[in-house]
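Trainee: Provided below: run18.cif, containing mmCIF, C-alpha atoms.
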data_run
#
loop_
_atom_site.label_atom_id
_atom_site.label_comp_id
_atom_site.auth_asym_id
_atom_site.auth_seq_id
_atom_site.Cartn_x
_atom_site.Cartn_y
_atom_site.Cartn_z
CA MET A 199 0.00 0.00 0.00
CA VAL A 200 1.29 3.47 -0.89
CA SER A 201 1.36 6.12 1.82
CA GLN A 202 -0.60 9.28 1.10
CA TYR A 203 2.24 11.15 2.82
CA THR A 204 4.55 10.27 -0.09
CA GLU A 205 2.11 11.28 -2.85
CA THR A 206 2.27 14.93 -3.90
CA GLN A 207 -0.41 16.91 -2.09
CA LYS A 208 -1.66 20.50 -2.38
CA VAL A 209 0.24 21.41 0.79
CA ASN A 210 3.87 20.34 1.01
CA ILE A 211 7.34 21.37 2.12
CA SER A 212 10.28 20.24 0.01
CA ASP A 213 14.07 20.24 0.19
CA PRO A 214 15.45 21.18 -3.24
CA SER A 215 19.02 20.70 -1.97
CA GLY A 216 18.43 16.98 -1.46
CA ARG A 217 20.62 17.02 1.66
CA LEU A 218 17.99 15.60 4.01
CA GLY A 219 17.37 12.30 2.27
CA LEU A 220 13.60 12.70 2.11
CA GLN A 221 12.76 15.14 -0.69
CA SER A 222 9.50 16.47 0.74
CA PHE A 223 6.75 16.02 3.27
CA ASN A 224 3.15 16.11 2.04
CA PHE A 225 0.17 17.07 4.18
CA PRO A 226 -2.77 14.96 2.97
CA TYR A 227 -5.15 16.35 5.60
CA THR A 228 -5.94 20.04 5.49
CA PRO A 229 -3.67 21.93 7.89
CA ASN A 230 -4.44 25.25 9.53
CA ILE A 231 -2.13 27.76 7.87
CA SER A 232 -1.45 31.14 9.45
CA VAL A 233 0.72 33.76 7.79
CA SER A 234 1.95 36.69 9.83
CA SER A 235 3.48 39.82 8.33
CA SER A 236 4.76 42.81 10.27
CA THR A 237 6.61 46.06 9.78
CA ASN A 238 9.05 48.06 11.88
CA TYR A 239 8.69 51.79 12.38
CA ALA A 240 11.11 54.11 14.11
CA THR A 241 9.71 56.78 16.39
CA TYR A 242 10.85 60.36 16.45
CA ASP A 243 10.27 62.25 19.66
CA LEU A 244 9.76 65.89 18.85
CA THR A 245 9.84 68.45 21.58
CA HIS A 246 6.51 69.89 22.69
CA THR A 247 4.29 67.46 20.77
CA ASN A 248 1.57 65.20 22.05
CA LEU A 249 2.22 62.37 19.61
CA GLN A 250 5.32 60.76 18.19
CA GLN A 251 6.15 60.78 14.50
CA MET A 252 6.65 57.40 12.81
CA ALA A 253 9.06 56.59 9.99
CA PHE A 254 9.15 53.34 8.08
CA GLN A 255 12.23 51.34 8.98
CA SER A 256 11.86 47.86 7.44
CA GLY A 257 9.50 45.02 6.72
CA ASN A 258 9.94 41.69 8.49
CA ASN A 259 9.98 38.41 6.65
CA PRO A 260 6.54 36.80 6.82
CA GLU A 261 6.23 33.84 9.19
CA ILE A 262 4.06 30.82 8.48
CA SER A 263 2.59 28.45 11.01
CA LEU A 264 1.10 25.08 10.03
CA THR A 265 -0.92 22.96 12.40
CA ALA A 266 -1.53 19.70 10.62
CA PRO A 267 -3.57 16.67 11.62
CA ILE A 268 -1.57 13.48 11.24
CA ILE A 269 -3.58 10.30 10.78
CA VAL A 270 -1.92 6.90 10.55
CA ARG A 271 -3.93 3.97 9.21
CA ASN A 272 -1.20 1.45 8.37
CA GLU A 273 2.50 0.72 8.74
CA ASP A 274 3.49 2.50 5.51
CA GLU A 275 1.88 5.69 6.76
CA ALA A 276 3.47 5.25 10.20
CA ASN A 277 6.91 4.96 8.59
CA SER A 278 6.20 8.01 6.42
CA VAL A 279 5.23 10.05 9.48
CA ILE A 280 8.38 8.93 11.34
CA SER A 281 10.47 9.92 8.30
CA GLY A 282 8.62 13.24 8.17
CA SER A 283 9.43 14.01 11.79
CA ARG A 284 13.12 13.34 11.07
CA PHE A 285 12.88 15.47 7.93
CA PHE A 286 11.66 18.50 9.90
CA ARG A 287 14.16 18.02 12.73
CA ALA A 288 17.05 17.58 10.28
CA ALA A 289 15.95 20.75 8.44
CA MET A 290 16.83 22.74 11.57
CA LYS A 291 20.38 21.38 11.84
CA MET A 292 23.62 22.34 10.16
CA GLY A 293 26.21 19.89 8.89
CA PHE A 294 28.54 19.09 11.77
CA GLY A 295 31.15 16.60 12.89
CA GLU A 296 34.54 15.49 11.67
CA ASN A 297 33.10 12.84 9.39
CA ASP A 298 30.27 14.93 7.96
CA PRO A 299 31.10 15.90 4.36
CA LEU A 300 28.53 18.71 4.72
CA ARG A 301 30.02 20.11 7.94
CA GLY A 302 29.66 23.84 8.21
CA LEU A 303 26.69 24.06 5.84
CA PRO A 304 23.71 25.83 7.43
CA PRO A 305 20.24 24.28 7.41
CA PRO A 306 18.81 24.04 3.89
CA ILE A 307 16.37 26.54 2.45
CA MET A 308 13.14 24.65 1.92
CA ARG A 309 10.17 25.37 -0.38
CA PHE A 310 6.59 25.73 0.84
CA ASN A 311 3.58 25.18 -1.41
CA ALA A 312 -0.10 25.44 -0.54
CA TYR A 313 -3.13 25.43 -2.84
CA GLY A 314 -1.48 27.59 -5.50
CA VAL A 315 -1.74 30.56 -3.15
CA TYR A 316 1.78 29.95 -1.89
CA THR A 317 4.07 28.72 -4.65
CA ASN A 318 7.68 27.74 -4.15
CA VAL A 319 8.06 30.04 -1.13
CA PRO A 320 11.64 29.87 0.22
CA VAL A 321 11.45 29.07 3.93
CA LEU A 322 13.52 27.97 6.87
CA ILE A 323 12.10 25.59 9.45
CA ARG A 324 12.09 27.55 12.68
CA GLU A 325 10.12 25.16 14.87
CA PHE A 326 8.76 21.63 14.78
CA VAL A 327 6.40 20.10 17.34
CA TRP A 328 4.87 16.63 17.17
CA ASN A 329 2.00 16.39 19.66
CA PHE A 330 1.22 12.94 21.02
CA ASP A 331 -2.24 13.14 22.55
CA ALA A 332 -3.01 11.02 25.62
CA ASP A 333 -6.35 9.75 24.37
CA THR A 334 -5.32 7.98 21.16
CA ASP A 335 -4.35 4.49 20.06
CA TYR A 336 -0.91 3.61 18.75
CA LEU A 337 0.16 1.57 15.75
CA GLU A 338 3.38 -0.41 16.22
CA THR A 339 5.65 -0.78 13.22
CA SER A 340 7.69 -3.90 12.45
CA GLY A 341 10.69 -1.88 13.68
CA GLY A 342 9.11 -1.70 17.14
CA ILE A 343 8.24 2.00 16.99
CA SER A 344 4.77 2.97 18.23
CA VAL A 345 3.15 5.84 16.35
CA PRO A 346 -0.10 7.55 17.43
CA VAL A 347 -2.91 6.94 14.97
CA VAL A 348 -4.01 10.55 15.47
CA SER A 349 -1.54 13.31 16.29
CA THR A 350 -0.57 16.81 15.21
CA PHE A 351 2.45 18.34 13.51
CA VAL A 352 3.06 22.02 14.23
CA VAL A 353 5.61 23.55 11.88
CA GLY A 354 6.90 27.11 12.20
CA LEU A 355 8.42 28.58 9.02
CA ILE A 356 10.07 31.88 8.26
CA THR A 357 10.45 33.12 4.71
CA THR A 358 13.92 33.94 3.45
CA TYR A 359 14.91 35.81 0.31
CA GLY A 360 18.38 36.40 -1.06
CA THR A 361 19.51 40.02 -1.18
CA LYS A 362 20.37 39.82 -4.87
CA ASN A 363 17.01 38.23 -5.68
CA VAL A 364 15.11 40.97 -3.85
CA ARG A 365 17.21 43.73 -5.40
CA GLN A 366 16.78 42.41 -8.94
CA ASN A 367 13.20 41.06 -8.85
CA PHE A 368 11.15 42.91 -6.25
CA THR A 369 9.07 45.95 -7.10
CA LEU A 370 6.16 47.15 -5.01
CA ARG A 371 3.93 47.31 -8.09
CA ASP A 372 4.68 43.70 -9.11
CA TYR A 373 4.20 42.54 -5.54
CA ALA A 374 0.89 44.40 -5.11
CA ASN A 375 -0.43 43.05 -8.42
CA GLY A 376 0.49 39.44 -7.54
CA ASN A 377 3.12 39.18 -10.25
CA LEU A 378 5.71 37.80 -7.81
CA ASN A 379 3.61 34.94 -6.41
CA ASP A 380 5.25 32.39 -8.70
CA LYS A 381 8.66 33.58 -7.46
CA GLY A 382 7.80 32.73 -3.86
CA TYR A 383 7.02 36.21 -2.55
CA ILE A 384 4.12 36.35 -0.11
#
Using structure tokens, write down the structure from this file.

Mentor:
Amino acid sequence: MVSQYTETQKVNISDPSGRLGLQSFNFPYTPNISVSSSTNYATYDLTHTNLQQMAFQSGNNPEISLTAPIIVRNEDEANSVISGSRFFRAAMKMGFGENDPLRGLPPPIMRFNAYGVYTNVPVLIREFVWNFDADTDYLETSGGISVPVVSTFVVGLITTYGTKNVRQNFTLRDYANGNLNDKGYI
């Protein structure tokens, strides 16, 4: 039986670098997706005024939070979920150790896709939580690992864009008109 976690889904996170072994993790059950954008303003305190003046300083990279139901119905899906948990944890680590040919490389830049609204968005994995609820059954794999049949993945992402890419491709007009969506800008 093929695991639905290995089939391409409308919501997925992939590793184009190929350094993590697993190429992507697919979310077959609709996750809650929250995108947060914010801006920084500097304040100017003028003498003898009641209110401060604000000046635009910078925009922050949008952050994405996924809360995804994880349902395991068979051993193939259990193994896919275990691999997915390793995929997310590994995506937060740099290459390290004397015998690691990738030592010194920072965590890979991943790609986030969801429903065509978010296309090929460059992200870093900032947080990964796998919630094991107390009131669920477990499926034991042939490797002796017990996996909850119902659990939750919470994945925190932060977008990241190269300076050269932003300088050469970003214009406010293109962004506002949605012309940069296919280039990963959200």

Trainee: Decode the PyMOL selection byres ((chain A and resi 212) around 8) for the given file into explicit residues and return them as a list of chain:residue names.

Mentor: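 Taken on the displayed file, the PyMOL selection byres ((chain A and resi 212) around 8) yields the residues A:Asn210, A:Ile211, A:Asp213, A:Pro214, A:Gln221, A:Ser222, A:Phe223, A:Met308, A:Arg309, A:Phe310.
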
Trainee: Store the residues picked out above in a file with C-alpha atoms, as an mmCIF file, in the frame of the given file.

Mentor:
data_model
loop_
_atom_site.group_PDB
_atom_site.id
_atom_site.type_symbol
_atom_site.label_atom_id
_atom_site.label_comp_id
_atom_site.auth_asym_id
_atom_site.auth_seq_id
_atom_site.Cartn_x
_atom_site.Cartn_y
_atom_site.Cartn_z
ATOM 1 C CA ASN A 210 3.870 20.340 1.010
ATOM 2 C CA ILE A 211 7.340 21.370 2.120
ATOM 3 C CA ASP A 213 14.070 20.240 0.190
ATOM 4 C CA PRO A 214 15.450 21.180 -3.240
ATOM 5 C CA GLN A 221 12.760 15.140 -0.690
ATOM 6 C CA SER A 222 9.500 16.470 0.740
ATOM 7 C CA PHE A 223 6.750 16.020 3.270
ATOM 8 C CA MET A 308 13.140 24.650 1.920
ATOM 9 C CA ARG A 309 10.170 25.370 -0.380
ATOM 10 C CA PHE A 310 6.590 25.730 0.840
#

Trainee: What would the selection look like, as an NGL selection string, if the PyMOL selection byres ((chain A and resi 324) around 7) were run on the coordinates I just shared?

Mentor: :A and (290 or 322-323 or 325 or 354-356)

Trainee: Can you measure CA of Ile269 in chain A to CA of Ser349 in chain A for me? One decimal in Å is fine.

Mentor: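 It comes out at 6.6 Å.
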
Trainee: Give me, as a list of chain:residue names, all polymer residues having an atom no more than 10 Å from range 232-235 of chain A, counting only C-alpha atoms and skipping those fewer than 4 positions away in the same chain.

Mentor: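 Final neighbour list, sorted by chain and number: A:Gly257, A:Asn258, A:Asn259, A:Pro260, A:Glu261, A:Ile262, A:Ser263, A:Leu264, A:Thr265, A:Gly354, A:Leu355, A:Ile356, A:Ile384.
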
Trainee: Here is a test: counting only C-alpha atoms, which residue of A:Asn379, A:Gln250, A:Ser340, A:Thr358 is nearest to Asp274 in chain A?

Mentor: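 Among the listed residues, A:Ser340 lies closest to Asp274 in chain A.
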
Trainee: Enumerate, as a list of chain:residue names, the residues matched when the PyMOL selection byres ((chain A and resi 346) around 10) is run on the file above.

Mentor: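 This file, filtered by the PyMOL selection byres ((chain A and resi 346) around 10), leaves A:Ile268, A:Ile269, A:Val270, A:Arg271, A:Ala276, A:Val279, A:Asn329, A:Phe330, A:Asp331, A:Ala332, A:Asp333, A:Thr334, A:Asp335, A:Tyr336, A:Leu337, A:Glu338, A:Ser344, A:Val345, A:Val347, A:Val348, A:Ser349, A:Thr350.
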
Trainee: Identify which of the residues A:Phe225, A:Tyr373, A:Lys362, A:Phe254 lies closest to Tyr239 in chain A, counting only C-alpha atoms when measuring atom-to-atom distances.

Mentor: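 Smallest distance to Tyr239 in chain A is found for A:Phe254.
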
Trainee: For Val321 in chain A, which residue among A:Thr357, A:Ser236, A:Asn297, A:Gln255 is the nearest when counting all atoms listed in the file?

Mentor: A:Thr357

Trainee: CA of Gly314 in chain A to CA of Asn367 in chain A: how many Å, to one decimal?

Mentor: 20.2 Å

Trainee: When distances are computed from all atoms listed in the file, which of A:Val319, A:Leu244, A:Leu378, A:Ala288 shows the smallest separation from Pro304 in chain A?

Mentor: A:Ala288

Trainee: Separation of CA of Pro226 in chain A and CA of Gly376 in chain A, in Å?

Mentor: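 Going from CA of Pro226 in chain A over to CA of Gly376 in chain A covers 26.8 Å.
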
Trainee: Pick from A:Leu370, A:Leu218, A:Val327, A:Ser283: nearest to Ile307 in chain A, with all atoms listed in the file counted?

Mentor: A:Leu218

Trainee: Ranking A:Thr339, A:Thr361, A:Asn375, A:Asp380 by minimum distance to Glu273 in chain A and counting only C-alpha atoms, which one comes first?

Mentor: A:Thr339
